[in-house]
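Student: Dumping the structure here so I can ask a few things about it.
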Amino acid sequence: MTILNARNLTLEEVHRLFGFQKHYSDSFSNYLSLEPLTEAEQQELLQIRNDFDRYLTAGKVSEGQVKFLAVAPLLRLAGFYRYPIEIVLEENIADIEVEDEDIKIKGRFDILAISKAKHTKPQTYFWVLLIESKNSQIDISTGLPQLLTYSYKNLDNQKSVLGLTTNGRGYQFVYLEQGNPPIYYLLPELNLMERERSSQLLQVLKAICQL
C-alpha cells in the first residue's frame, strides 16, 4: 500500500483521488447571514490588524505566529471560544483510504472548531469550521489540497463542511458539499489588512459561529 502525506498533495492530485469538482461563488449570502459589527468589534478588529501589520512589516510571519497573532484573536472575537463551540488543535486525521486505489493518506489538521451541542453520529461532533494556516509569504491556495483532503473524510458524517485557508493576511473560505462527485465552492477572498474586507471577514466568522 502507498502511504501519502496530505501536506504533499497537489490540488490536481486531490481532484483525481477524491473526484472533487471546483466551483466559484461571488457571495457569502448564499450560505451565511452577515450582521453589522458593533463599534467595539470594529475597534478590536483594528487592533488585531495593527498587531499583525507590525510583524508583517518586520518580515516573514511564521505559521505559528499567524495562528497566534491573527487566527486566534479573530476566532475569540467572533465567539468561537464560547460554548457550544470547542477548538481542537493539530489533531491527526484518521487514515483516509482511497477507493479503487491502494493508497492511504495521513495528515494533521491545524485548527478545527466543533459543536459540542451537535452530533452527526454517536461520539462524532459536528464540524463547524476547519482551518489550515500557512506562513505570510505562502499563497493561501497552498493550503487548499490539505483542507479538501481533511474535509472529504468528514463529508461521510455531515452534508457540508466549511473550511478556511489563510496566511494571516489573506483568507479563503471554502464551502464543501456531499455529492457524487463532491463539490467545493471557493468564496470571495478576504483580507485582514484592508478595512472593508477585514470587517467582512469578522462578519463571516461570526455568522459561521452562530450556525
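For the C-alpha cells, the naming scheme is as follows: chains receive sequential letters (A, B, ...) according to their order of presentation, residues are indexed from 1 within each chain, and ligands are indexed from 1 in presentation order.
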Residues of region 136-173 of chain A that have any atom at most 9 Å from an atom of region 54-77 of chain A: could you tabulate them with the shortest-distance atom pair and the distance in Å to one decimal, using only C-alpha atoms, ordered by chain and increasing number, as a tab-separated table?

Tutor:
```
residue	atom	partner	partner_atom	distance
A:Ser136	CA	A:Val61	CA	5.1
A:Gln137	CA	A:Lys60	CA	6.3
A:Thr166	CA	A:Val66	CA	8.5
A:Asn167	CA	A:Val66	CA	6.6
A:Gly168	CA	A:Val66	CA	5.1
A:Arg169	CA	A:Ala70	CA	8.4
```

Student: Applying 12 Å and only C-alpha atoms, which residues near Ser27 (chain A) remain after dropping the ones on its own chain fewer than 2 positions away? List them as a list in words.

Tutor: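 So the residues in contact are Tyr24, Ser25, Ser29, Asn30, Tyr31, Leu32, Ser33, Leu34, Phe173, Val174, Tyr175, Tyr185, Leu186, Leu187, Pro188, Glu189, Leu190, Gln200 and Val204 of chain A.
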
Student: Compare A:Ser198, A:Thr149, A:Asn154, A:Asn135 by their minimum atom-to-atom distance to Ile114 (chain A), counting only C-alpha atoms, and give me the closest one.

Tutor: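 Among A:Ser198, A:Thr149, A:Asn154, A:Asn135, it is A:Asn154 that comes nearest to Ile114 (chain A).
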
Student: Could you give me, as a compact mmCIF listing (two decimals) with N, CA and C atoms, in the first residue's frame, the residues within 9 Å of Lys153 (chain A), counting only C-alpha atoms and dropping anything in the same chain fewer than 4 positions from it?

Tutor:
```txt
# COMPACT_ATOMS: atom_id res chain seq x y z
N ILE A 93 -5.64 13.21 11.53
CA ILE A 93 -6.88 12.71 10.94
C ILE A 93 -6.80 11.19 10.90
N ALA A 94 -7.97 10.55 10.92
CA ALA A 94 -7.97 9.11 10.73
C ALA A 94 -7.49 8.83 9.31
N ASP A 95 -6.82 7.70 9.10
CA ASP A 95 -6.31 7.37 7.77
C ASP A 95 -7.44 7.38 6.75
N ILE A 96 -7.19 8.02 5.62
CA ILE A 96 -8.16 8.05 4.53
C ILE A 96 -7.72 7.05 3.48
N LEU A 148 -9.13 20.27 1.59
CA LEU A 148 -10.08 19.40 0.89
C LEU A 148 -9.95 17.95 1.34
N THR A 149 -8.70 17.52 1.53
CA THR A 149 -8.46 16.14 1.95
C THR A 149 -9.08 15.86 3.31
N ASN A 157 -19.97 12.19 7.35
CA ASN A 157 -20.72 12.40 8.59
C ASN A 157 -21.70 13.56 8.52
```

Student: Enumerate as JSON, numbers by chain all residues of region 5-207 of chain A assigned to strand (DSSP E) by DSSP on the backbone, naming them with the chain letters and numbers the document uses.

Tutor: {"A": [5, 21, 22, 23, 24, 85, 86, 87, 88, 89, 90, 91, 92, 96, 97, 103, 104, 105, 106, 108, 109, 110, 111, 112, 113, 114, 115, 116, 117, 118, 119, 120, 121, 124, 125, 126, 127, 128, 129, 130, 131, 132, 133, 160, 161, 162, 163, 164, 165, 166, 170, 171, 172, 173, 174, 175, 176, 177, 183, 184, 185, 186, 190, 191]}
